[in-house]
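Chemist: This is upload-v4.txt, which holds compact mmCIF, C-alpha atoms and all ligand atoms:
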```
# COMPACT_ATOMS: atom_id res chain seq x y z
CA MET A 1 64.43 156.67 120.04
CA THR A 2 67.91 155.95 121.36
CA ARG A 3 69.37 157.97 124.15
CA PRO A 4 72.89 158.70 125.28
CA ARG A 5 71.94 157.34 128.71
CA PRO A 6 69.04 155.00 129.34
CA ARG A 7 66.46 156.33 131.77
CA ALA A 8 66.04 154.62 135.13
CA LEU A 9 62.93 155.25 137.16
CA SER A 10 61.71 153.98 140.49
CA GLY A 11 59.54 154.93 143.42
CA ILE A 12 59.37 154.18 147.10
CA LYS A 13 56.33 154.36 149.31
CA PRO A 14 56.54 156.65 152.35
CA THR A 15 54.85 154.39 154.86
CA GLY A 16 57.46 154.42 157.60
CA SER A 17 61.18 154.69 158.16
CA PRO A 18 63.26 153.10 155.40
CA HIS A 19 64.69 149.71 156.40
CA LEU A 20 67.38 147.30 155.24
CA GLY A 21 64.99 145.59 152.82
CA ASN A 22 64.33 148.91 151.06
CA TYR A 23 68.04 149.69 151.15
CA PHE A 24 69.46 146.56 149.56
CA GLY A 25 66.48 145.88 147.29
CA MET A 26 65.96 149.29 145.81
CA ILE A 27 67.68 152.35 147.32
CA GLN A 28 71.29 151.23 146.93
CA PRO A 29 70.98 149.87 143.37
CA ALA A 30 68.93 152.90 142.32
CA ILE A 31 71.53 155.35 143.60
CA THR A 32 74.33 153.42 141.87
CA LEU A 33 72.51 153.82 138.57
CA GLN A 34 72.89 157.61 138.68
CA ASP A 35 76.43 157.09 137.32
CA SER A 36 75.31 155.34 134.16
CA HIS A 37 71.67 156.32 133.74
CA ASP A 38 69.42 159.33 133.56
CA ALA A 39 67.87 158.63 136.94
CA PHE A 40 64.37 159.61 138.12
CA TYR A 41 63.24 158.54 141.58
CA PHE A 42 60.25 159.61 143.57
CA VAL A 43 58.45 159.39 146.87
CA ALA A 44 55.27 157.47 146.02
CA ASP A 45 52.95 159.48 148.24
CA TYR A 46 49.81 158.80 146.19
CA HIS A 47 50.49 155.09 146.66
CA ALA A 48 50.90 155.52 150.41
CA LEU A 49 47.29 156.71 150.60
CA THR A 50 46.08 153.16 149.94
CA THR A 51 47.16 152.20 153.45
CA GLY A 52 47.79 155.31 155.53
CA ARG A 53 45.26 157.82 156.74
CA ASP A 54 47.39 160.08 158.87
CA ALA A 55 48.48 163.27 157.13
CA LYS A 56 51.34 163.96 159.52
CA VAL A 57 52.74 160.45 159.22
CA LEU A 58 52.68 160.81 155.43
CA ARG A 59 54.46 164.16 155.50
CA ASP A 60 57.09 162.95 157.98
CA ALA A 61 57.75 159.72 156.10
CA SER A 62 58.08 161.59 152.80
CA ARG A 63 60.71 163.82 154.37
CA GLU A 64 62.52 160.83 155.86
CA ILE A 65 62.68 159.02 152.52
CA THR A 66 64.04 162.11 150.79
CA ALA A 67 66.69 162.64 153.47
CA THR A 68 67.58 158.95 153.24
CA PHE A 69 68.29 159.06 149.50
CA LEU A 70 70.35 162.22 149.87
CA ALA A 71 72.27 160.83 152.85
CA LEU A 72 73.06 157.64 150.96
CA GLY A 73 74.51 159.53 148.03
CA LEU A 74 71.78 160.57 145.64
CA ASP A 75 73.19 163.62 143.88
CA PRO A 76 70.42 166.04 142.92
CA ALA A 77 72.74 167.66 140.39
CA ARG A 78 72.76 164.43 138.38
CA ALA A 79 69.66 162.52 139.42
CA THR A 80 66.11 163.79 139.67
CA PHE A 81 64.33 163.17 142.97
CA PHE A 82 60.73 164.28 143.33
CA ARG A 83 57.35 163.73 144.93
CA GLN A 84 54.91 161.62 142.92
CA SER A 85 51.98 163.91 143.74
CA ASP A 86 53.82 166.95 142.34
CA VAL A 87 53.15 165.40 138.93
CA PRO A 88 49.37 164.84 138.88
CA GLU A 89 49.62 163.87 135.18
CA VAL A 90 50.24 160.31 136.38
CA LEU A 91 46.66 160.19 137.61
CA GLU A 92 45.41 161.03 134.14
CA LEU A 93 47.63 158.37 132.61
CA THR A 94 46.30 155.88 135.16
CA TRP A 95 42.85 156.44 133.72
CA HIS A 96 43.98 155.98 130.12
CA LEU A 97 45.63 152.71 131.09
CA ALA A 98 42.56 151.59 133.05
CA CYS A 99 40.46 152.04 129.94
CA VAL A 100 42.52 149.53 127.93
CA THR A 101 43.18 147.05 130.76
CA GLY A 102 40.98 144.12 131.72
CA THR A 103 39.97 143.78 135.34
CA GLY A 104 41.37 140.23 135.12
CA LEU A 105 44.87 141.63 134.95
CA LEU A 106 44.39 143.64 138.14
CA MET A 107 42.81 140.62 139.80
CA ARG A 108 46.04 138.70 139.33
CA ALA A 109 47.97 141.15 141.53
CA HIS A 110 49.38 139.54 144.68
CA ALA A 111 47.62 142.01 146.99
CA PHE A 112 44.24 141.37 145.37
CA LYS A 113 44.71 137.60 145.43
CA ALA A 114 45.62 137.70 149.12
CA ALA A 115 42.44 139.66 149.89
CA GLU A 116 40.42 137.27 147.77
CA GLU A 117 41.78 134.25 149.63
CA LYS A 118 40.75 135.81 152.92
CA GLY A 119 37.28 136.49 151.49
CA GLU A 120 37.91 140.23 151.75
CA ALA A 121 38.05 141.23 148.08
CA GLY A 122 34.82 143.20 148.39
CA THR A 123 36.14 145.50 151.09
CA LEU A 124 39.63 145.91 149.64
CA PRO A 125 39.88 149.64 148.89
CA ALA A 126 39.46 150.27 145.17
CA GLY A 127 42.68 152.27 145.44
CA THR A 128 44.53 149.10 146.38
CA PHE A 129 42.93 147.29 143.46
CA PHE A 130 44.12 150.13 141.22
CA TYR A 131 47.59 150.27 142.76
CA PRO A 132 49.23 148.45 139.83
CA ALA A 133 47.61 150.79 137.30
CA LEU A 134 48.95 153.86 139.11
CA MET A 135 52.35 152.23 139.30
CA ALA A 136 52.23 151.43 135.57
CA ALA A 137 51.40 155.08 134.91
CA ASP A 138 54.39 156.15 137.05
CA ILE A 139 56.66 154.03 134.93
CA LEU A 140 55.18 154.80 131.53
CA ALA A 141 54.76 158.56 132.14
CA TYR A 142 58.51 159.12 132.00
CA ASP A 143 59.37 156.92 129.00
CA SER A 144 61.45 154.80 131.37
CA ASP A 145 63.88 152.20 130.09
CA VAL A 146 64.67 150.37 133.32
CA VAL A 147 62.97 150.11 136.68
CA PRO A 148 65.25 149.09 139.55
CA VAL A 149 63.07 147.37 142.12
CA GLY A 150 63.14 144.77 144.84
CA ARG A 151 61.98 141.30 143.85
CA ASP A 152 58.56 141.89 145.43
CA GLN A 153 57.78 144.56 142.85
CA LEU A 154 58.59 142.49 139.79
CA GLN A 155 54.97 141.56 139.15
CA HIS A 156 53.99 145.23 139.15
CA VAL A 157 56.63 146.11 136.56
CA GLU A 158 55.45 143.25 134.37
CA MET A 159 51.92 144.57 134.67
CA ALA A 160 53.20 147.96 133.50
CA GLN A 161 54.66 146.24 130.45
CA ASP A 162 51.29 144.60 129.81
CA MET A 163 49.26 147.78 130.24
CA GLY A 164 51.63 149.76 128.01
CA GLY A 165 51.33 146.94 125.48
CA HIS A 166 47.53 147.08 125.59
CA PHE A 167 47.61 150.82 125.02
CA ASN A 168 50.00 150.49 122.10
CA ALA A 169 47.94 147.67 120.59
CA ALA A 170 44.92 149.96 120.60
CA TYR A 171 46.52 153.22 119.54
CA GLY A 172 49.90 152.57 117.93
CA ASN A 173 53.38 152.84 119.33
CA VAL A 174 52.89 155.52 121.98
CA LEU A 175 54.33 154.21 125.23
CA ARG A 176 57.88 153.03 125.70
CA ARG A 177 58.36 149.50 127.04
CA PRO A 178 60.19 149.42 130.39
CA GLU A 179 62.31 146.56 131.73
CA PRO A 180 62.53 145.60 135.40
CA MET A 181 65.97 145.47 136.96
CA VAL A 182 66.32 143.16 139.96
CA ARG A 183 69.74 142.60 141.49
CA ALA A 184 70.42 138.91 141.09
CA GLU A 185 73.06 138.83 143.82
CA VAL A 186 70.79 140.24 146.51
CA PRO A 187 68.41 137.75 148.11
CA THR A 188 65.04 138.76 149.50
CA ILE A 189 65.96 140.48 152.76
CA VAL A 190 64.54 138.58 155.69
CA GLY A 191 63.24 140.34 158.78
CA THR A 192 63.86 139.54 162.43
CA ASP A 193 60.99 136.99 162.51
CA GLY A 194 62.23 135.05 159.48
CA ARG A 195 59.61 136.40 157.08
CA LYS A 196 60.33 138.88 154.27
CA MET A 197 61.36 142.20 155.84
CA SER A 198 58.33 144.45 155.67
CA LYS A 199 56.86 147.32 157.64
CA SER A 200 53.54 145.47 157.70
CA TYR A 201 55.11 142.55 159.63
CA GLY A 202 56.87 144.78 162.16
CA ASN A 203 60.10 142.84 161.58
CA THR A 204 62.30 145.57 160.12
CA ILE A 205 65.75 146.91 160.86
CA ASP A 206 65.41 150.62 160.24
CA LEU A 207 68.42 152.17 158.52
CA PHE A 208 68.68 155.18 160.77
CA ALA A 209 67.35 153.77 164.00
CA THR A 210 69.35 154.88 167.04
CA GLU A 211 72.43 152.72 167.61
CA LYS A 212 70.78 151.17 170.63
CA ASN A 213 67.60 150.27 168.76
CA LEU A 214 69.50 148.96 165.77
CA ARG A 215 71.55 146.65 168.01
CA LYS A 216 68.41 145.55 169.83
CA ALA A 217 66.62 144.77 166.56
CA VAL A 218 69.55 142.78 165.19
CA MET A 219 69.85 140.82 168.44
CA SER A 220 66.19 139.84 168.11
CA TYR A 221 66.75 137.90 164.86
CA LYS A 222 65.19 134.47 165.02
CA THR A 223 67.65 131.61 164.53
CA ASP A 224 67.59 127.90 165.23
CA SER A 225 68.56 126.65 168.68
CA LYS A 226 72.04 125.26 167.99
CA GLY A 227 74.45 125.78 170.88
CA LEU A 228 77.75 127.64 171.05
CA THR A 229 79.93 124.74 169.94
CA ASP A 230 77.52 123.07 167.49
CA PRO A 231 78.47 123.38 163.82
CA LYS A 232 76.07 125.68 162.01
CA ASP A 233 75.13 126.31 158.40
CA PRO A 234 75.86 129.90 157.31
CA ASP A 235 73.96 129.44 154.06
CA THR A 236 70.61 128.96 155.77
CA CYS A 237 71.14 131.60 158.45
CA ASN A 238 69.32 134.92 158.03
CA VAL A 239 71.88 136.78 160.13
CA PHE A 240 74.69 135.58 157.87
CA SER A 241 72.71 136.40 154.72
CA ILE A 242 72.74 140.07 155.72
CA TYR A 243 76.29 140.02 157.05
CA ARG A 244 77.52 138.97 153.64
CA LEU A 245 76.01 142.11 152.09
CA VAL A 246 78.07 144.48 154.26
CA ALA A 247 81.29 142.63 155.15
CA THR A 248 84.47 142.18 153.10
CA SER A 249 85.03 138.83 151.40
CA GLU A 250 87.69 137.99 153.97
CA GLN A 251 85.34 138.76 156.87
CA ILE A 252 82.62 136.71 155.19
CA GLU A 253 84.94 133.72 154.88
CA THR A 254 86.08 134.01 158.51
CA MET A 255 82.52 134.16 159.78
CA ALA A 256 81.42 131.23 157.57
CA ASP A 257 84.29 129.19 158.96
CA LYS A 258 83.29 129.98 162.55
CA TYR A 259 79.76 128.82 161.77
CA ARG A 260 80.98 125.51 160.35
CA ASN A 261 83.83 124.90 162.80
CA PRO A 262 83.19 126.77 166.03
CA PRO A 263 86.38 127.43 168.02
CA PRO A 264 86.71 125.62 171.41
CA GLU A 265 85.36 128.64 173.28
CA GLY A 266 82.31 128.51 171.01
CA PHE A 267 80.71 130.77 168.41
CA GLY A 268 76.98 131.23 168.77
CA TYR A 269 74.29 133.20 166.99
CA GLY A 270 74.68 135.93 169.61
CA HIS A 271 78.25 136.49 168.43
CA ALA A 272 77.15 136.53 164.81
CA LYS A 273 74.41 139.06 165.56
CA ALA A 274 76.77 141.32 167.50
CA ALA A 275 79.22 141.24 164.59
CA LEU A 276 76.41 142.03 162.16
CA ALA A 277 75.22 144.99 164.24
CA GLU A 278 78.77 146.41 164.35
CA LYS A 279 79.18 146.01 160.58
CA LEU A 280 75.86 147.67 159.85
CA LEU A 281 76.66 150.59 162.13
CA GLU A 282 80.07 150.99 160.52
CA HIS A 283 78.60 150.72 157.01
CA LEU A 284 75.95 153.34 157.73
CA ALA A 285 77.94 155.70 159.98
CA PRO A 286 78.78 158.39 157.39
CA ALA A 287 75.24 158.30 155.98
CA ARG A 288 73.81 158.57 159.47
CA GLU A 289 75.50 161.93 160.01
CA ARG A 290 74.39 163.25 156.65
CA TYR A 291 70.85 162.01 157.38
CA ALA A 292 70.69 163.96 160.63
CA SER A 293 71.95 167.04 158.84
CA TRP A 294 69.33 166.84 156.06
CA MET A 295 66.56 166.15 158.57
CA SER A 296 67.46 169.33 160.40
CA ARG A 297 66.95 171.34 157.17
CA PRO A 298 63.37 170.69 156.00
CA ASP A 299 63.43 173.72 153.68
CA ASP A 300 66.42 172.28 151.83
CA LEU A 301 64.64 168.94 151.45
CA GLU A 302 61.64 170.79 150.06
CA ASP A 303 63.91 172.61 147.57
CA VAL A 304 65.31 169.32 146.30
CA LEU A 305 61.80 167.95 145.79
CA ARG A 306 60.60 171.09 144.08
CA GLN A 307 63.55 171.21 141.70
CA GLY A 308 63.04 167.52 140.98
CA ALA A 309 59.39 168.04 140.10
CA ALA A 310 60.34 170.91 137.80
CA LYS A 311 62.47 168.46 135.82
CA ALA A 312 60.10 165.50 135.98
CA ARG A 313 56.77 167.11 135.25
CA PRO A 314 57.48 168.28 131.68
CA LEU A 315 58.37 164.69 130.72
CA ALA A 316 55.06 163.37 132.04
CA ARG A 317 53.15 166.21 130.38
CA ALA A 318 54.69 165.34 127.04
CA VAL A 319 53.72 161.67 127.37
CA VAL A 320 50.20 162.53 128.48
CA GLU A 321 49.83 164.91 125.52
CA ARG A 322 50.88 162.11 123.17
CA VAL A 323 48.26 159.90 124.76
CA ARG A 324 45.54 162.57 124.67
CA ALA A 325 46.14 163.18 121.00
CA LYS A 326 45.85 159.45 120.24
CA VAL A 327 42.65 158.86 122.17
CA GLY A 328 40.96 161.98 120.80
CA LEU A 329 41.18 164.42 123.69
CA PRO A 330 42.22 168.00 122.91
CA LYS A 331 45.59 169.38 123.80
CA HIS A 332 45.30 170.39 127.44
CA PRO A 333 44.70 174.18 127.66
CA SER A 334 47.60 174.57 130.09
CA THR A 335 50.19 173.24 127.63
N1 LIG B 401 55.07 149.88 144.66
C1 LIG B 401 56.40 150.30 144.99
C2 LIG B 401 56.74 149.75 146.41
O1 LIG B 401 55.85 149.52 147.19
C3 LIG B 401 56.58 151.78 144.95
C4 LIG B 401 56.34 152.34 143.59
C5 LIG B 401 55.31 153.15 143.21
C6 LIG B 401 57.16 152.16 142.43
N2 LIG B 401 55.43 153.49 141.90
C7 LIG B 401 56.53 152.89 141.38
C8 LIG B 401 58.33 151.44 142.18
C9 LIG B 401 57.08 152.91 140.10
C10 LIG B 401 58.85 151.46 140.89
C11 LIG B 401 58.23 152.20 139.85
O2 LIG B 401 57.88 149.62 146.72
```
Represent the structure from my file as structure tokens, please.
Modeler:
Amino acid sequence: MTRPRPRALSGIKPTGSPHLGNYFGMIQPAITLQDSHDAFYFVADYHALTTGRDAKVLRDASREITATFLALGLDPARATFFRQSDVPEVLELTWHLACVTGTGLLMRAHAFKAAEEKGEAGTLPAGTFFYPALMAADILAYDSDVVPVGRDQLQHVEMAQDMGGHFNAAYGNVLRRPEPMVRAEVPTIVGTDGRKMSKSYGNTIDLFATEKNLRKAVMSYKTDSKGLTDPKDPDTCNVFSIYRLVATSEQIETMADKYRNPPPEGFGYGHAKAALAEKLLEHLAPARERYASWMSRPDDLEDVLRQGAAKARPLARAVVERVRAKVGLPKHPST
């Protein structure tokens, strides 16, 4: 089946305020795709249950993610934005995939391997073990063509390809094969401690933190201990690696030159961080206002999610019906 516009699909877990890693890795590329693709994005609230156990935190984070996408330019008239749990069909598809997938495949997932290495595989929640199967169902339930994700999610998209392949091998050509889309020009975003930026490390720069907190977080970036007048290498500096994602090419060149050849008065990491904080604030200023406005209108956010689900759910129902027919389950009475 060819389509006028390929379908893009992706999800983001509501486990805290969205940060720069989410922004550059997934949110920004996903929103750009609404121009060329039939875009479907969702708040992965079922997935968040593998780690969070606070209902209020989940509800607040889901609202924040939705407001973030809208503030950054997602246009609900063109793109579909919805809540994963408003389409419970994905849970049924998860089961169908589980029944054709070997446990060995799930045991290769990074999260499982990490638990195994720590000797904690036995107490890892089964939901975490199943995480990749639910994510495969998310992707396959909408006949997705491309899945824009950050590099860290690549393995999960490949597992979705495998699980879809297993289902098709057993039952014929039922599920469409998705392709991951990772932006080659964007490096893994590094957090303030030098590790990959991640909520679980507490090293994030939150997109819509207050100006004061954003500056403070940027100033806390770990660097080496070179002094003001020592030549420095921009290409190995985490501060510079983010600066280059928000500055103009001329500004990037100027900053790189100051790293390599500090002026007599000196150019230290503190200067670089201050410049980065200013750039980030400038880059995000218009979105910041729109974010505050959406956050003050929870009913409007809810409307966007509800309208999104009304568009998304019929697609998943159709795929699940195809699957049910193949495996020998009756047409669901509600369809
Ligand atoms: N696992 C993804 C993350 O943590 C979120 C996610 C859930 C997702 N379902 C998905 C991403 C489907 C892409 C497609 O970021």
Chemist: So which residues touch Asn22 of chain A within 10 Å, counting only C-alpha atoms, skipping near sequence neighbours fewer than 2 positions away, as a ChimeraX atom specification?
Modeler: /A:12-13,17-20,24-28,149-150,189,197-198,204,206-207
Chemist: What do you get as a ChimeraX atom specification if you pick all residues at most 7 Å from ligand LIG 401 (chain B), counting all atoms listed in the file?
Modeler: /A:9-13,44,47,135-136,138-139,147-149,153
Chemist: Figure out the distance between atom CA of Asp60 of chain A and atom CA of Met219 of chain A, please, to one decimal in Å.
Modeler: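 These atoms are spaced 27.6 Å apart.
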Chemist: Name the residues in contact with segment 89-94 of chain A at a cut-off of 6 Å, using only C-alpha atoms, excluding same-chain residues fewer than 2 positions from it; report them as a ChimeraX atom specification.
Modeler: /A:87,96-97,133-134,137-138
Chemist: May I ask for the distance between atom CA of Pro234 of chain A and atom CA of Asn261 of chain A, given in Å to one decimal place?
Modeler: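 Those two atoms sit 10.9 Å apart.
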Chemist: Can you build me a table of segment 187-230 of chain A residues sitting at most 10 Å from segment 288-305 of chain A, with the closest atom pair per residue and its distance in Å to one decimal, using all atoms listed in the file, sorted by chain and residue number, as a tab-separated table?
Modeler:
```
residue	atom	partner	partner_atom	distance
A:Leu207	CA	A:Arg288	CA	8.4
A:Phe208	CA	A:Arg288	CA	6.3
A:Ala209	CA	A:Arg288	CA	9.2
A:Thr210	CA	A:Arg288	CA	9.5
```
Chemist: From the set A:Thr68, A:Thr103, A:Gln161, A:Ser62, which residue has the shortest atom-to-atom contact distance to Ser85 of chain A, counting only C-alpha atoms?
Modeler: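 Of the candidates, the smallest distance to Ser85 of chain A is held by A:Ser62.
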Chemist: So, counting all atoms listed in the file, which residue among A:Arg151, A:Asn213, A:Asp45, A:Gly52 is closest to Val182 of chain A?
Modeler: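 Closest candidate: A:Arg151.
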Chemist: Could you pull the residues within 6 Å of Phe42 of chain A, counting all atoms listed in the file, minus those fewer than 6 positions along the same chain, as a PyMOL selection string?
Modeler: chain A and resi 11+81-84
Chemist: Show me, as a list in words, the residues that have an atom within 8 Å of Arg7 of chain A when counting all atoms listed in the file, minus same-chain residues fewer than 2 positions from it.
Modeler: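 Everything that qualifies: Arg5, Leu9, His37, Asp38, Ala39, Phe40, Asp143, Ser144, Asp145 and Val146 of chain A.
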Chemist: Restricting the calculation to all atoms listed in the file: of A:Ala325, A:Ala256, A:Leu315, A:Leu72, which residue gets closest to Tyr23 of chain A?
Modeler: A:Leu72
Chemist: Here is a test: counting all atoms listed in the file, which residue of A:Gln155, A:Val43, A:Lys196, A:Gln34 is nearest to Ala67 of chain A?
Modeler: A:Val43
Chemist: Find the spatial neighbours of segment 168-172 of chain A, counting all atoms listed in the file, within a cut-off of 8 Å - ignore same-chain residues fewer than 6 positions away - and output them as a list in words.
Modeler: Val100, Lys326 and Val327 of chain A
Chemist: Include C-alpha atoms and write out the residues we just selected as a tab-separated table (two decimals), in the frame of the given file.
Modeler:
```
chain	number	residue	atom	x	y	z
A	100	VAL	CA	42.52	149.53	127.93
A	326	LYS	CA	45.85	159.45	120.24
A	327	VAL	CA	42.65	158.86	122.17
```
